[in-house]
Structure formats: C-alpha cells, structure tokens
>>> print(open('data_30.csv').read())   # CSV, C-alpha atoms
chain,number,residue,atom,x,y,z
A,188,MET,CA,27.3,-34.3,-10.4
A,189,ASP,CA,26.7,-35.2,-6.8
A,190,PHE,CA,24.7,-32.5,-5.0
A,191,GLU,CA,23.6,-32.1,-1.5
A,192,ILE,CA,22.4,-29.1,0.5
A,193,PRO,CA,24.9,-28.6,3.3
A,194,GLY,CA,23.5,-29.5,6.7
A,195,GLU,CA,23.9,-26.0,8.3
A,196,LEU,CA,22.1,-24.5,5.3
A,197,ALA,CA,19.3,-27.0,5.5
A,198,LEU,CA,18.8,-26.2,9.2
A,199,PHE,CA,18.7,-22.5,8.4
A,200,VAL,CA,16.1,-23.0,5.7
A,201,ASP,CA,14.0,-25.1,8.1
A,202,GLY,CA,14.1,-22.1,10.4
A,203,VAL,CA,12.7,-20.0,7.5
A,204,ARG,CA,10.0,-22.6,7.1
A,205,GLN,CA,9.1,-22.3,10.8
A,206,PHE,CA,8.9,-18.5,10.4
A,207,ARG,CA,6.6,-18.8,7.4
A,208,GLU,CA,4.3,-21.2,9.2
A,209,ARG,CA,4.3,-19.3,12.5
A,210,GLU,CA,4.2,-15.7,11.2
A,211,LEU,CA,2.8,-15.7,7.6
A,212,MET,CA,0.3,-18.6,7.4
A,213,PRO,CA,-2.1,-17.3,10.1
A,214,LEU,CA,-2.4,-14.1,8.0
A,215,GLU,CA,-3.2,-15.9,4.8
A,216,PRO,CA,-7.0,-15.9,4.9
A,217,ASP,CA,-7.1,-12.2,5.5
A,218,PHE,CA,-4.5,-11.6,2.8
A,219,LEU,CA,-6.5,-13.6,0.3
A,220,ARG,CA,-9.6,-11.6,1.0
A,221,ALA,CA,-7.9,-8.2,0.9
A,222,GLY,CA,-5.4,-9.1,-1.8
A,223,ARG,CA,-2.6,-7.3,0.0
A,224,PHE,CA,-0.8,-6.8,3.3
A,225,THR,CA,-1.0,-3.3,4.8
A,226,SER,CA,2.2,-1.4,5.1
A,227,GLU,CA,1.9,-1.8,8.9
A,228,GLN,CA,1.6,-5.6,8.6
A,229,ARG,CA,4.6,-5.7,6.3
A,230,SER,CA,6.7,-3.6,8.7
A,231,THR,CA,5.6,-5.7,11.7
A,232,LEU,CA,6.6,-8.9,9.8
A,233,GLU,CA,10.0,-7.4,8.8
A,234,ASN,CA,10.7,-6.4,12.3
A,235,ARG,CA,9.9,-9.9,13.6
A,236,ALA,CA,12.1,-11.4,11.0
A,237,ARG,CA,15.0,-9.3,12.0
A,238,GLN,CA,14.5,-10.1,15.6
A,239,GLN,CA,14.8,-13.7,14.7
A,240,GLY,CA,18.0,-13.2,12.7
A,241,PHE,CA,16.5,-13.2,9.2
A,242,TRP,CA,18.0,-10.1,7.7
A,243,ALA,CA,20.9,-9.1,5.3
A,244,LEU,CA,21.1,-12.8,4.4
A,245,ASP,CA,22.9,-12.5,1.1
A,246,VAL,CA,25.1,-9.6,2.3
A,247,PRO,CA,28.8,-10.6,2.6
A,248,ALA,CA,30.1,-10.8,6.1
A,249,ASP,CA,32.7,-8.0,5.5
A,250,HIS,CA,29.7,-5.7,4.8
A,251,GLY,CA,27.9,-6.6,8.0
A,252,GLY,CA,25.6,-9.4,6.6
A,253,GLN,CA,25.3,-13.1,6.9
A,254,GLY,CA,27.0,-14.2,3.7
A,255,LEU,CA,24.4,-16.8,2.9
A,256,GLY,CA,25.5,-17.2,-0.7
A,257,THR,CA,23.4,-17.6,-3.9
A,258,LEU,CA,22.2,-21.1,-3.2
A,259,GLY,CA,21.1,-20.2,0.3
A,260,THR,CA,19.3,-17.1,-1.0
A,261,CYS,CA,17.4,-19.2,-3.6
A,262,LEU,CA,16.4,-21.7,-1.0
A,263,VAL,CA,15.1,-19.0,1.3
A,264,ALA,CA,13.2,-17.4,-1.6
A,265,GLU,CA,11.7,-20.8,-2.5
A,266,GLU,CA,10.5,-21.3,1.1
A,267,LEU,CA,9.0,-17.8,1.6
A,268,TYR,CA,7.1,-17.9,-1.7
A,269,LYS,CA,5.0,-20.8,-0.6
A,270,HIS,CA,2.9,-17.9,0.8
A,271,PRO,CA,1.2,-15.7,-1.8
A,272,ALA,CA,2.2,-12.4,-0.2
A,273,MET,CA,5.6,-12.3,-2.0
A,274,PHE,CA,7.2,-11.5,1.4
A,275,GLU,CA,11.0,-11.2,1.6
A,276,PHE,CA,13.4,-10.5,4.4
A,277,GLY,CA,15.0,-7.1,4.6
A,278,GLY,CA,18.5,-5.8,4.6
A,279,SER,CA,19.5,-7.0,1.2
A,280,PRO,CA,20.8,-4.2,-1.1
A,281,GLU,CA,20.5,-4.3,-4.9
A,282,PRO,CA,23.8,-5.8,-6.2
A,283,VAL,CA,24.7,-2.6,-8.1
A,284,LEU,CA,25.1,-0.7,-4.8
A,285,TYR,CA,28.3,-2.7,-4.1
A,286,GLU,CA,29.9,-0.9,-7.0
A,287,GLY,CA,29.5,2.5,-5.4
A,288,THR,CA,32.3,4.8,-4.1
A,289,PRO,CA,33.1,4.6,-0.3
A,290,GLU,CA,31.0,7.8,0.1
A,291,GLN,CA,28.1,6.3,-1.8
A,292,LYS,CA,28.2,3.1,0.2
A,293,GLU,CA,28.0,5.1,3.4
A,294,ARG,CA,24.9,7.0,2.0
A,295,TYR,CA,23.1,4.2,0.3
A,296,LEU,CA,24.5,0.7,0.7
A,297,TYR,CA,25.0,0.5,4.5
A,298,PRO,CA,21.7,2.2,5.3
A,299,ILE,CA,19.9,-0.5,3.3
A,300,ILE,CA,21.7,-3.3,5.2
A,301,LYS,CA,20.8,-1.6,8.5
A,302,GLU,CA,17.2,-1.2,7.2
A,303,GLU,CA,17.4,2.5,7.7
A,304,LYS,CA,16.6,3.1,4.0
A,305,ARG,CA,14.8,1.4,1.1
A,306,CYS,CA,15.3,1.7,-2.6
A,307,CYS,CA,13.7,0.7,-5.9
A,308,TYR,CA,15.2,-0.1,-9.3
A,309,ALA,CA,14.1,2.0,-12.3
A,310,PHE,CA,14.9,0.6,-15.8
A,311,THR,CA,11.7,-0.2,-17.7
A,312,GLU,CA,10.1,2.6,-19.7
A,313,PRO,CA,6.7,3.0,-21.5
A,314,SER,CA,8.5,2.5,-24.8
A,315,GLY,CA,10.0,-0.8,-23.7
A,316,GLY,CA,12.1,-2.6,-21.1
A,317,SER,CA,14.7,-4.9,-22.6
A,318,ASP,CA,15.6,-2.8,-25.6
A,319,VAL,CA,18.3,-0.7,-24.0
A,320,ALA,CA,19.1,1.2,-27.2
A,321,ALA,CA,15.5,2.5,-27.2
A,322,MET,CA,15.8,4.1,-23.7
A,323,ARG,CA,14.4,7.6,-23.8
A,324,THR,CA,15.1,8.9,-20.3
A,325,THR,CA,18.0,11.2,-20.7
A,326,ALA,CA,20.7,12.6,-18.4
A,327,VAL,CA,22.6,15.7,-19.7
A,328,ARG,CA,25.7,16.9,-18.0
A,329,GLU,CA,25.6,20.5,-16.8
A,330,GLY,CA,28.8,21.4,-14.8
A,331,ASP,CA,28.9,19.2,-11.7
A,332,ASN,CA,25.3,18.1,-12.2
A,333,TRP,CA,23.1,16.0,-14.4
A,334,VAL,CA,19.7,17.0,-15.6
A,335,ILE,CA,17.3,14.1,-16.0
A,336,ASN,CA,14.2,14.0,-18.1
A,337,GLY,CA,11.9,11.0,-18.8
A,338,THR,CA,9.5,8.4,-17.5
A,339,LYS,CA,9.9,5.0,-16.0
A,340,THR,CA,7.1,2.5,-15.6
A,341,PHE,CA,6.2,-0.7,-13.7
A,342,ILE,CA,8.6,0.2,-10.9
A,343,SER,CA,8.1,-2.0,-7.8
A,344,HIS,CA,8.4,-0.7,-4.2
A,345,ALA,CA,8.6,3.0,-5.4
A,346,GLU,CA,6.1,4.1,-2.8
A,347,ARG,CA,8.4,2.9,0.0
A,348,ALA,CA,11.7,4.0,-1.5
A,349,ASP,CA,14.1,6.5,-0.1
A,350,PHE,CA,16.0,6.6,-3.3
A,351,VAL,CA,15.9,5.2,-6.8
A,352,ILE,CA,18.6,3.3,-8.8
A,353,LEU,CA,17.9,5.0,-12.1
A,354,PHE,CA,19.2,4.1,-15.6
A,355,ALA,CA,19.3,6.9,-18.2
A,356,THR,CA,21.0,7.4,-21.5
A,357,THR,CA,23.8,9.9,-21.5
A,358,ASP,CA,24.7,9.4,-25.2
A,359,ARG,CA,21.9,8.0,-27.4
A,360,THR,CA,24.4,7.5,-30.3
A,361,LEU,CA,26.1,4.8,-28.3
A,362,GLY,CA,23.0,2.7,-27.6
A,363,ALA,CA,23.5,0.4,-24.6
A,364,ARG,CA,27.1,1.8,-24.2
A,365,GLY,CA,25.6,5.2,-23.6
A,366,VAL,CA,23.5,4.2,-20.5
A,367,THR,CA,24.6,5.5,-17.1
A,368,CYS,CA,23.3,4.7,-13.6
A,369,PHE,CA,22.3,7.3,-11.0
A,370,LEU,CA,21.1,7.3,-7.4
A,371,VAL,CA,18.2,9.7,-7.1
A,372,ASP,CA,16.9,10.6,-3.7
A,373,THR,CA,13.1,10.7,-3.1
A,374,GLY,CA,12.1,14.3,-2.8
A,375,THR,CA,14.6,15.6,-5.3
A,376,PRO,CA,12.8,18.4,-7.2
A,377,GLY,CA,11.6,17.3,-10.6
A,378,PHE,CA,11.2,13.6,-9.5
A,379,THR,CA,7.6,12.5,-8.8
A,380,LEU,CA,5.7,9.3,-8.4
A,381,SER,CA,3.2,9.9,-11.2
A,382,ARG,CA,0.7,7.2,-10.6
A,383,PRO,CA,0.2,3.7,-9.3
A,384,ILE,CA,-0.5,1.0,-12.0
A,385,PRO,CA,-3.2,-1.5,-10.9
A,386,THR,CA,-2.4,-5.0,-11.9
A,387,MET,CA,-4.1,-8.4,-11.9
A,388,GLY,CA,-1.7,-9.7,-9.3
A,389,ASP,CA,-2.3,-9.5,-5.5
A,390,ASP,CA,-0.3,-7.0,-3.6
A,391,TRP,CA,1.7,-5.7,-6.6
A,392,GLU,CA,0.9,-2.2,-7.6
A,393,PRO,CA,4.0,-0.8,-9.4
A,394,TYR,CA,4.4,2.9,-10.1
A,395,GLU,CA,5.2,5.2,-13.0
A,396,LEU,CA,8.0,7.7,-12.2
A,397,THR,CA,8.4,11.0,-13.9
A,398,PHE,CA,11.7,13.1,-14.1
A,399,ASP,CA,11.2,16.6,-15.2
A,400,HIS,CA,14.4,18.6,-15.2
A,401,CYS,CA,15.5,16.7,-12.2
A,402,VAL,CA,18.9,17.8,-11.1
A,403,VAL,CA,21.3,15.2,-9.6
A,404,PRO,CA,24.9,15.9,-8.6
A,405,ASP,CA,27.6,14.0,-10.4
A,406,ALA,CA,28.5,12.5,-6.9
A,407,ASN,CA,25.3,10.5,-7.3
A,408,ARG,CA,26.5,8.9,-10.6
A,409,LEU,CA,27.0,5.2,-9.9
A,410,GLY,CA,29.9,3.8,-11.9
A,411,PRO,CA,31.5,5.3,-14.9
A,412,THR,CA,29.6,7.3,-17.5
A,413,GLY,CA,28.3,4.9,-20.1
A,414,GLY,CA,28.8,2.0,-17.7
A,415,GLY,CA,25.2,1.5,-16.7
A,416,TRP,CA,24.4,-1.4,-18.9
A,417,ALA,CA,27.2,-3.5,-17.5
A,418,LEU,CA,25.8,-2.8,-14.0
A,419,ALA,CA,22.2,-3.5,-15.1
A,420,ASN,CA,23.3,-6.8,-16.7
A,421,ASP,CA,24.7,-8.1,-13.5
A,422,GLN,CA,21.7,-6.8,-11.6
A,423,LEU,CA,19.3,-8.5,-14.0
A,424,THR,CA,21.1,-11.9,-13.8
A,425,HIS,CA,20.9,-11.8,-10.0
A,426,GLY,CA,17.2,-11.0,-10.2
A,427,ARG,CA,16.4,-13.6,-12.8
A,428,LEU,CA,17.7,-16.4,-10.6
A,429,LYS,CA,15.8,-15.2,-7.6
A,430,ILE,CA,12.6,-15.0,-9.7
A,431,ALA,CA,13.2,-18.6,-10.8
A,432,ALA,CA,13.5,-19.6,-7.2
A,433,TYR,CA,10.2,-17.9,-6.4
A,434,GLN,CA,8.4,-20.2,-8.8
A,435,LEU,CA,9.7,-23.3,-7.0
A,436,GLY,CA,7.9,-22.3,-3.8
A,437,ILE,CA,4.8,-21.3,-5.6
A,438,ALA,CA,4.5,-24.6,-7.6
A,439,GLN,CA,5.4,-26.7,-4.6
A,440,ARG,CA,2.7,-25.2,-2.5
A,441,CYS,CA,0.1,-25.6,-5.2
A,442,VAL,CA,1.0,-29.2,-5.8
A,443,GLU,CA,0.7,-29.9,-2.0
A,444,ILE,CA,-2.8,-28.4,-2.0
A,445,ALA,CA,-3.8,-30.3,-5.1
A,446,VAL,CA,-2.5,-33.7,-3.7
A,447,ASP,CA,-4.4,-33.2,-0.5
A,448,TRP,CA,-7.5,-32.3,-2.3
A,449,ALA,CA,-7.3,-35.2,-4.7
A,450,ARG,CA,-7.0,-37.7,-1.8
A,451,ASN,CA,-10.0,-36.3,0.0
A,452,ARG,CA,-12.4,-35.1,-2.8
A,453,VAL,CA,-14.8,-37.9,-3.6
A,454,THR,CA,-16.9,-38.2,-6.8
A,455,TRP,CA,-19.0,-41.1,-7.8
A,456,GLY,CA,-18.0,-42.9,-4.7
A,457,ARG,CA,-14.2,-42.7,-5.2
A,458,PRO,CA,-11.5,-40.1,-4.5
A,459,ILE,CA,-10.5,-38.1,-7.6
A,460,ALA,CA,-6.9,-39.3,-6.9
A,461,SER,CA,-8.0,-42.6,-8.5
A,462,ARG,CA,-8.8,-40.8,-11.8
A,463,GLN,CA,-6.0,-41.1,-14.4
A,464,ALA,CA,-6.6,-37.5,-15.6
A,465,ILE,CA,-5.8,-36.2,-12.1
A,466,GLN,CA,-2.8,-38.5,-11.7
A,467,TRP,CA,-1.3,-37.4,-15.0
A,468,MET,CA,-1.7,-33.7,-14.2
A,469,LEU,CA,0.1,-34.2,-10.8
A,470,ALA,CA,2.8,-36.4,-12.3
A,471,ASP,CA,3.6,-33.9,-15.0
A,472,SER,CA,3.6,-31.1,-12.4
A,473,VAL,CA,6.1,-32.7,-10.0
A,474,THR,CA,8.3,-33.8,-12.8
A,475,GLU,CA,8.5,-30.3,-14.3
A,476,LEU,CA,8.9,-28.8,-10.8
A,477,GLU,CA,11.9,-31.1,-10.1
A,478,ALA,CA,13.5,-30.2,-13.4
A,479,ALA,CA,13.1,-26.5,-12.7
A,480,ARG,CA,14.5,-27.0,-9.2
A,481,TRP,CA,17.7,-28.6,-10.6
A,482,LEU,CA,18.2,-25.7,-13.1
A,483,VAL,CA,17.9,-23.2,-10.3
A,484,TYR,CA,20.1,-25.0,-7.8
A,485,HIS,CA,22.8,-25.7,-10.4
A,486,ALA,CA,22.9,-22.1,-11.5
A,487,ALA,CA,23.1,-21.0,-7.9
A,488,TRP,CA,25.9,-23.5,-7.1
A,489,LEU,CA,27.9,-22.2,-10.1
A,490,ALA,CA,27.5,-18.6,-8.9
A,491,ASP,CA,28.8,-19.6,-5.5
A,492,GLU,CA,31.7,-21.3,-7.1
A,493,GLY,CA,32.6,-18.0,-8.9
A,494,HIS,CA,31.4,-18.9,-12.4
A,495,PRO,CA,29.4,-16.5,-14.6
A,496,ILE,CA,25.8,-17.6,-14.8
A,497,LYS,CA,24.2,-15.2,-17.3
A,498,THR,CA,22.9,-18.0,-19.6
A,499,GLU,CA,22.2,-20.4,-16.7
A,500,ALA,CA,20.0,-17.7,-15.2
A,501,PHE,CA,18.2,-17.2,-18.5
A,502,LYS,CA,17.5,-21.0,-18.7
A,503,ALA,CA,16.4,-21.2,-15.1
A,504,LYS,CA,14.0,-18.3,-15.2
A,505,LEU,CA,12.6,-19.3,-18.6
A,506,TYR,CA,11.8,-22.8,-17.6
A,507,ALA,CA,10.7,-22.1,-14.0
A,508,THR,CA,8.3,-19.3,-14.9
A,509,GLU,CA,6.6,-21.3,-17.6
A,510,MET,CA,6.6,-24.4,-15.4
A,511,ALA,CA,4.8,-22.4,-12.6
A,512,GLN,CA,2.2,-21.2,-15.1
A,513,ARG,CA,1.4,-24.7,-16.1
A,514,VAL,CA,1.4,-26.1,-12.6
A,515,THR,CA,-0.8,-23.5,-11.1
A,516,ASP,CA,-3.2,-23.9,-14.0
A,517,ARG,CA,-3.4,-27.7,-13.5
A,518,CYS,CA,-3.8,-27.5,-9.7
A,519,LEU,CA,-6.5,-24.9,-10.1
A,520,GLN,CA,-8.3,-27.3,-12.5
A,521,ILE,CA,-8.0,-30.2,-10.0
A,522,LEU,CA,-9.6,-28.2,-7.3
A,523,GLY,CA,-12.4,-26.9,-9.6
A,524,GLY,CA,-14.5,-24.1,-8.1
A,525,MET,CA,-12.5,-24.1,-4.9
A,526,GLY,CA,-9.3,-23.5,-6.8
A,527,TYR,CA,-11.0,-20.4,-8.3
A,528,SER,CA,-12.2,-19.1,-4.9
A,529,LYS,CA,-10.4,-16.7,-2.6
A,530,GLU,CA,-10.6,-19.3,0.2
A,531,LEU,CA,-7.5,-20.9,-1.2
A,532,PRO,CA,-4.3,-19.4,-2.5
A,533,ILE,CA,-4.1,-21.2,-5.9
A,534,GLN,CA,-6.0,-18.4,-7.6
A,535,SER,CA,-3.6,-15.8,-6.2
A,536,PHE,CA,-0.6,-17.8,-7.3
A,537,TYR,CA,-2.1,-18.4,-10.7
A,538,ARG,CA,-2.4,-14.6,-11.3
A,539,GLN,CA,1.0,-13.8,-9.6
A,540,VAL,CA,3.1,-16.1,-11.8
A,541,ARG,CA,1.9,-14.5,-15.0
A,542,VAL,CA,4.0,-11.4,-14.4
A,543,TRP,CA,7.3,-13.4,-14.0
A,544,ARG,CA,7.2,-14.4,-17.7
A,545,ILE,CA,7.4,-10.7,-18.4
A,546,GLY,CA,9.5,-9.0,-15.7
A,547,HIS,CA,13.3,-9.0,-15.9
A,548,GLY,CA,13.1,-9.9,-19.6
A,549,THR,CA,10.3,-11.7,-21.4
A,550,ALA,CA,10.4,-15.5,-22.0
A,551,GLU,CA,10.8,-14.7,-25.7
A,552,ILE,CA,13.9,-12.6,-25.0
A,553,HIS,CA,15.3,-15.3,-22.8
A,554,ARG,CA,15.0,-17.8,-25.7
A,555,TRP,CA,16.7,-15.3,-28.0
A,556,MET,CA,19.6,-14.9,-25.5
A,557,ILE,CA,20.0,-18.6,-24.9
A,558,ALA,CA,20.1,-19.2,-28.7
A,559,ARG,CA,22.7,-16.5,-29.1
A,560,ASP,CA,24.9,-18.1,-26.6
A,561,LEU,CA,24.5,-21.5,-28.3
A,562,LEU,CA,24.9,-20.3,-31.9
A,563,GLY,CA,27.4,-17.5,-31.4
A,564,ILE,CA,27.9,-14.8,-34.0
A,565,SER,CA,25.8,-16.7,-36.6
A,566,ALA,CA,22.6,-16.0,-34.6
A,567,ARG,CA,23.1,-12.3,-34.9
A,568,HIS,CA,22.8,-12.0,-38.7
>>> encode(input="data_30.csv", output="structure tokens")
Amino acid sequence: MDFEIPGELALFVDGVRQFRERELMPLEPDFLRAGRFTSEQRSTLENRARQQGFWALDVPADHGGQGLGTLGTCLVAEELYKHPAMFEFGGSPEPVLYEGTPEQKERYLYPIIKEEKRCCYAFTEPSGGSDVAAMRTTAVREGDNWVINGTKTFISHAERADFVILFATTDRTLGARGVTCFLVDTGTPGFTLSRPIPTMGDDWEPYELTFDHCVVPDANRLGPTGGGWALANDQLTHGRLKIAAYQLGIAQRCVEIAVDWARNRVTWGRPIASRQAIQWMLADSVTELEAARWLVYHAAWLADEGHPIKTEAFKAKLYATEMAQRVTDRCLQILGGMGYSKELPIQSFYRQVRVWRIGHGTAEIHRWMIARDLLGISARH
C-alpha cells in the first residue's frame, strides 16, 4: 500500500511542532524538577494553544470543530508527546458524548468543544477494569431517577472535571449487557472525590471516586439502558489508538537524545557511537519504532476510511506500548547516569510509559482479544 501524509496535514503538524518547541520546551527543565505543571501553567498553555488555532481538532466541522480525522489526531498526539508533560490540546470531547440526545449535547458536548466544561471518564473499579461482568457500581431505577452506589478508581482528570461519564451496572444478571452509561455532574450529592492516588509517573495523579446514594435523573442516562458496554467499547478503541500514538512521540524523542549523546560522549578516546553495543541498541530501537508507527498510521487510515479498527487498535497499542518500554530503557542505558537524572526527560518517559501497558486494557488482555479475533469461536472454549 502506498502511503503519504497529505501536504496540508503535514504543514499542520509542523505548526504543532513549532508550538511544542516554542511553548512547551522552555518549561521542560522546571517540569522535570517539579514532576508536574501547575494548574495555572496548564491553563495558560491551553489558552495559548486555542489562540493559535489548536483546539477541537478531532471534532467534526458540523459540530464546530476542525475535523482533523483520526490520522491527523494521531500525528498531533505523536508530536506533543515528545514533551514529558502529557500535554494535549483542548476542545475534544470523549466520543461517547456524540451519542447523547440533543438536550444532552447542549449541556455536555458543546460546552466541552467551547472549553466551557471539562469531563472525566469513570470505568475502572478497585475490583478490576476490563472485566465488565465484575462491575460492582450499581444504578437502581427509582421513578424518574437512578440511585448510584459504588467506587471508581484510577480516574484521570477528575479534579478538573465538571461532570463524569460514569459506567454502572443496571442489571448484574446480564453481565456486560447490563451496563449503562450516565452523566453525573460534579457537586451532585453523594458523589465525592475520595482521594488522589500517587503514582510513579510524573504529573499523573488519578483519583478514586465514591458514589453513595447518588441520585441522577434519567435525563442524564446516556444511550439506552444496558447499552453502556457498546458505548465503552467504541470509546476504548478510540483511546487505545491515541495511546499508541503517544508512544511514538516518546520513543522518537528518547532516540534523538540517545543518538546525540552517543555521538558526543567519549570514552577511551572514542565516541560511544563507535561501540557495537550502542549501535545495536539504537538500530533495534529505530526499527521497532518504525514498525509501531506503521501499525498506528495504518489503523488511523482505516478509521478515516470508515472501517472498524477494534483489532487494529489492539495491535497498535500492544506493540507500541511494549516498544516504548524497550526503547526508553535502552536509551536510558546509553546515557548511563545522565539518563537516570532529572536533568533529562528520559527518566520521566521511562516511568510514564509503564502505565500505558495497563491503562485501557492490559497487554495481556490485548493479546487475548487479538487471538480471539484470529481464532474465532474456538478461542472461547
């Protein structure tokens, strides 16, 4: 298959590169020392991005966005994640919000696009994430309301959210077919941010959410009763491909740092670039990075052509996340003590990439799903 990034898209991504170099890179030394951006720094960067036209990139034009498409979204994510802050442009709603009623879109979808509201996505529970049948958060119908009880954990961006996209079981006997999606406003009685969860990654402190007799009107039910898993499935596929794209930027930046170091670091009178051990680590890294890039780009191209990409997203995320783990480890080793220090971003990337082999489905579950698609019904017995 011949493949070429369209010229206009390449120019747009170059503009994103310039934004990263101009706005993000000067802040990198402070970020590496502190391990995070302040909320004020993030807000300032988001405002500057919007002023420069970087907002609502993947939102269809008929919803007021720029209609960049899946490939374009992945290319932008790849470019931005060459900085360790995990910075993203605003105005991009979670895909499930497009399935809302006209009234729900007015209350939740369009305010996200206009950057008047923020949201978070609550699926994972203390008892597990990918095992939908084991979901314990319940929603019980009482007249025109639903009463929600349960706990969600490892929820990103909860501290900044104006509402939560919540998945709860409305009929445990039906397993995944008994899960329903709700939109729960922050401040609703019975809904609390229980605690932040410290992690090994920079600038990622997810939250535990508690729902204790939290009453939500039926008007806030997103999609049909029992239709939550179908919505989540599409949501997770979209997220997996973006996560795979993140790894491309991370690995590319680490390789660039390692190549520059290898050319300039001299031991026993010669640059370490002349050592076969260093050469092989870099050769393996760029080969694996290129393979991951083609998996991501191909899946994104298929999505833009209107094809389902569930299995392709599994493959891309599985390979890209494991590739990034290997590449960051090799590059850190090439730099030795400097790679381990907070003066350079490799140590931050090294810790960051570890979570992506877990979030949005573990690597083991990805392998299982790929095998099921390959083997069909025989893989389920």
>>> residues_around(input="data_30.csv", residues="Arg382 of chain A", least_positions_apart="3", cutoff="8 Å", atoms="all atoms listed in the file", output="MDAnalysis selection string")
chainID A and resid 394:396
>>> atom_distance(input="data_30.csv", atom1="atom CA of Leu214 of chain A", atom2="atom CA of Ser528 of chain A")
17.0 Å
>>> closest_residue(input="data_30.csv", among="A:Trp488, A:Phe274, A:Gly413, A:Val263", to="Phe190 of chain A", atoms="only C-alpha atoms")
A:Trp488
>>> residues_around(input="data_30.csv", residues="Arg538 of chain A", least_positions_apart="5", cutoff="8 Å", atoms="only C-alpha atoms", output="ChimeraX atom specification")
/A:387-389
>>> atom_distance(input="data_30.csv", atom1="atom CA of Ile335 of chain A", atom2="atom CA of Pro404 of chain A")
10.8 Å
>>> residues_around(input="data_30.csv", residues="Val203 of chain A", least_positions_apart="3", cutoff="9 Å", atoms="all atoms listed in the file", output="PyMOL selection string")
chain A and resi 198-200+206-208+241+263+266-267
>>> write_last_selection(input="data_30.csv", atoms="C-alpha atoms", output="PDB file, keeping the file's coordinate frame")
ATOM      1  CA  LEU A 198      18.800 -26.200   9.200  1.00  0.00           C
ATOM      2  CA  PHE A 199      18.700 -22.500   8.400  1.00  0.00           C
ATOM      3  CA  VAL A 200      16.100 -23.000   5.700  1.00  0.00           C
ATOM      4  CA  PHE A 206       8.900 -18.500  10.400  1.00  0.00           C
ATOM      5  CA  ARG A 207       6.600 -18.800   7.400  1.00  0.00           C
ATOM      6  CA  GLU A 208       4.300 -21.200   9.200  1.00  0.00           C
ATOM      7  CA  PHE A 241      16.500 -13.200   9.200  1.00  0.00           C
ATOM      8  CA  VAL A 263      15.100 -19.000   1.300  1.00  0.00           C
ATOM      9  CA  GLU A 266      10.500 -21.300   1.100  1.00  0.00           C
ATOM     10  CA  LEU A 267       9.000 -17.800   1.600  1.00  0.00           C
TER      11      LEU A 267
END
>>> atom_distance(input="data_30.csv", atom1="atom CA of Gln534 of chain A", atom2="atom CA of Ile437 of chain A")
11.4 Å
>>> closest_residue(input="data_30.csv", among="A:Lys429, A:Val246, A:Gly254, A:Ala345", to="Tyr285 of chain A", atoms="only C-alpha atoms")
A:Val246
>>> residues_near_point(input="data_30.csv", point="(30.4, -12.5, -8.2)", cutoff="12 Å", atoms="only C-alpha atoms", output="list in words")
Asp245, Pro247, Gly256, Thr257, Pro282, Val283, Tyr285, Glu286, Asp421, Gln422, Thr424, His425, Ala487, Trp488, Leu489, Ala490, Asp491, Glu492, Gly493, His494, Pro495, Ile496 and Lys497 of chain A
>>> closest_residue(input="data_30.csv", among="A:Ala406, A:Ala470, A:Ile444, A:Met322", to="Thr288 of chain A", atoms="only C-alpha atoms")
A:Ala406
>>> residues_around(input="data_30.csv", residues="Leu361 of chain A", least_positions_apart="4", cutoff="12 Å", atoms="all atoms listed in the file", output="list in words")
Val319, Ala320, Ala321, Met322, Thr356, Thr357, Gly365, Val366, Thr367, Thr412, Gly413, Gly414 and Trp416 of chain A
>>> decode(input="data_30.csv", residues="segment 219-224 of chain A", atoms="all heavy atoms", output="PDB file, in the first residue's frame")
ATOM      1  N   LEU A 219      10.673  18.894  34.822  1.00  0.00           N
ATOM      2  CA  LEU A 219      11.413  17.711  35.246  1.00  0.00           C
ATOM      3  C   LEU A 219      11.784  17.774  36.722  1.00  0.00           C
ATOM      4  O   LEU A 219      11.789  16.752  37.413  1.00  0.00           O
ATOM      5  CB  LEU A 219      12.667  17.541  34.393  1.00  0.00           C
ATOM      6  CG  LEU A 219      12.418  17.206  32.914  1.00  0.00           C
ATOM      7  CD1 LEU A 219      13.727  17.183  32.151  1.00  0.00           C
ATOM      8  CD2 LEU A 219      11.679  15.886  32.771  1.00  0.00           C
ATOM      9  N   ARG A 220      12.081  18.970  37.209  1.00  0.00           N
ATOM     10  CA  ARG A 220      12.412  19.099  38.633  1.00  0.00           C
ATOM     11  C   ARG A 220      11.171  18.944  39.508  1.00  0.00           C
ATOM     12  O   ARG A 220      11.208  18.279  40.540  1.00  0.00           O
ATOM     13  CB  ARG A 220      13.090  20.456  38.895  1.00  0.00           C
ATOM     14  CG  ARG A 220      14.548  20.502  38.452  1.00  0.00           C
ATOM     15  CD  ARG A 220      15.218  21.763  38.955  1.00  0.00           C
ATOM     16  NE  ARG A 220      14.682  22.954  38.288  1.00  0.00           N
ATOM     17  CZ  ARG A 220      15.184  23.458  37.164  1.00  0.00           C
ATOM     18  NH1 ARG A 220      16.223  22.874  36.589  1.00  0.00           N
ATOM     19  NH2 ARG A 220      14.661  24.542  36.621  1.00  0.00           N
ATOM     20  N   ALA A 221      10.043  19.553  39.078  1.00  0.00           N
ATOM     21  CA  ALA A 221       8.826  19.519  39.896  1.00  0.00           C
ATOM     22  C   ALA A 221       8.010  18.250  39.673  1.00  0.00           C
ATOM     23  O   ALA A 221       7.238  17.834  40.539  1.00  0.00           O
ATOM     24  CB  ALA A 221       7.967  20.749  39.600  1.00  0.00           C
ATOM     25  N   GLY A 222       8.158  17.655  38.495  1.00  0.00           N
ATOM     26  CA  GLY A 222       7.377  16.466  38.175  1.00  0.00           C
ATOM     27  C   GLY A 222       5.960  16.766  37.752  1.00  0.00           C
ATOM     28  O   GLY A 222       5.137  15.843  37.603  1.00  0.00           O
ATOM     29  N   ARG A 223       5.645  18.013  37.524  1.00  0.00           N
ATOM     30  CA  ARG A 223       4.283  18.377  37.120  1.00  0.00           C
ATOM     31  C   ARG A 223       4.223  19.826  36.644  1.00  0.00           C
ATOM     32  O   ARG A 223       5.106  20.634  36.970  1.00  0.00           O
ATOM     33  CB  ARG A 223       3.301  18.179  38.269  1.00  0.00           C
ATOM     34  CG  ARG A 223       3.536  19.080  39.503  1.00  0.00           C
ATOM     35  CD  ARG A 223       2.550  18.783  40.615  1.00  0.00           C
ATOM     36  NE  ARG A 223       2.702  17.434  41.082  1.00  0.00           N
ATOM     37  CZ  ARG A 223       1.755  16.503  40.963  1.00  0.00           C
ATOM     38  NH1 ARG A 223       0.612  16.805  40.378  1.00  0.00           N
ATOM     39  NH2 ARG A 223       1.960  15.285  41.421  1.00  0.00           N
ATOM     40  N   PHE A 224       3.173  20.145  35.908  1.00  0.00           N
ATOM     41  CA  PHE A 224       2.793  21.523  35.643  1.00  0.00           C
ATOM     42  C   PHE A 224       1.764  21.925  36.687  1.00  0.00           C
ATOM     43  O   PHE A 224       0.956  21.095  37.114  1.00  0.00           O
ATOM     44  CB  PHE A 224       2.159  21.671  34.257  1.00  0.00           C
ATOM     45  CG  PHE A 224       3.138  21.787  33.124  1.00  0.00           C
ATOM     46  CD1 PHE A 224       2.770  21.355  31.858  1.00  0.00           C
ATOM     47  CD2 PHE A 224       4.390  22.346  33.292  1.00  0.00           C
ATOM     48  CE1 PHE A 224       3.650  21.458  30.792  1.00  0.00           C
ATOM     49  CE2 PHE A 224       5.277  22.446  32.231  1.00  0.00           C
ATOM     50  CZ  PHE A 224       4.901  22.009  30.976  1.00  0.00           C
TER      51      PHE A 224
END
